[in-house]
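**Student:** Pasting a structure below so you can have a look.
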Amino acid sequence: MSKALQNANLLGINYEAKVNKTRKKVGVVLPIMGNKRYVIGLIPTIRSKNHEVYIIAIDNGSKDGTTEELRKLKHDRRIFHHEVYPEPIGVAAAWNRGMKVALDNNLDYIMIINTDILLHKDCIDNLVNF
């Protein structure tokens, strides 16, 4: 195995997906600190036609009702994992925590996004199949 592929494997990059077109498990990590309006708009855009998507929400001390909204979405099974921290832990710590959850659950890919965006309908499929 080449050094580049070894490094990619250490980073959790799965190059076999280019050849193997089976359904992959994609963890989408959302570090969240408020922005309820954006979060509500973002969640429905996180989807895939061809792969399983697991939303991992790390709630970083939200005080604007975001936490309650995320709990509803978790109950509806739209969010796979939701952790709440009463005080901000910082975006880097939230990324790390979300990646740990994804790795502990043997997800094939990890995507980290901010809450102030909307994903194109084919975004996850295109990234996995790249």
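We label chains A, B, ... in the order they appear in the structure tokens, count residues from 1 in each chain, and number ligands from 1 in the order shown.
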Could you list, as a list in words, every residue within 8 Å of Asn50 (chain A), counting only C-alpha atoms and ignoring same-chain residues fewer than 5 positions away?
**Tutor:**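 Near neighbours after the sequence-gap exclusion: Arg23, Lys24 and Asp125 of chain A.
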**Student:** Go through A:Ile79, A:Ile55, A:Leu73, A:Ile43 and flag the residue nearest Ile112 (chain A), using only C-alpha atoms for the distances.
**Tutor:**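 Once distances to Ile112 (chain A) are computed over only C-alpha atoms, the minimum belongs to A:Ile55.
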**Student:** Determine which residues of chain A receive a DSSP assignment of alpha helix (DSSP H), computed from the backbone, and state them as a PyMOL selection string.
**Tutor:** chain A and resi 3-10+36-42+66-75+91-104+123-128
**Student:** What does the structure give for the distance between CA of Asp76 (chain A) and CA of Leu119 (chain A), in Å to one decimal?
**Tutor:**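 Computed distance, CA of Asp76 (chain A) to CA of Leu119 (chain A), equals 20.7 Å.
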**Student:** So what do you get for CA of Leu103 (chain A) versus CA of Val29 (chain A), distance-wise?
**Tutor:**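 Going from CA of Leu103 (chain A) over to CA of Val29 (chain A) covers 11.5 Å.
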**Student:** My list of candidates is A:Val91, A:Lys72, A:Phe80, A:Asp64. Which is closest to Ile32 (chain A) when distances are computed with only C-alpha atoms?
**Tutor:**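 The shortest atom-to-atom distance to Ile32 (chain A) comes from A:Val91.
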**Student:** With only C-alpha atoms as the atoms that count, which of A:Ala93, A:Val39, A:Val28, A:Ile46 lies nearest to Asp122 (chain A)?
**Tutor:**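 Ranking A:Ala93, A:Val39, A:Val28, A:Ile46 by distance to Asp122 (chain A), first place goes to A:Ile46.
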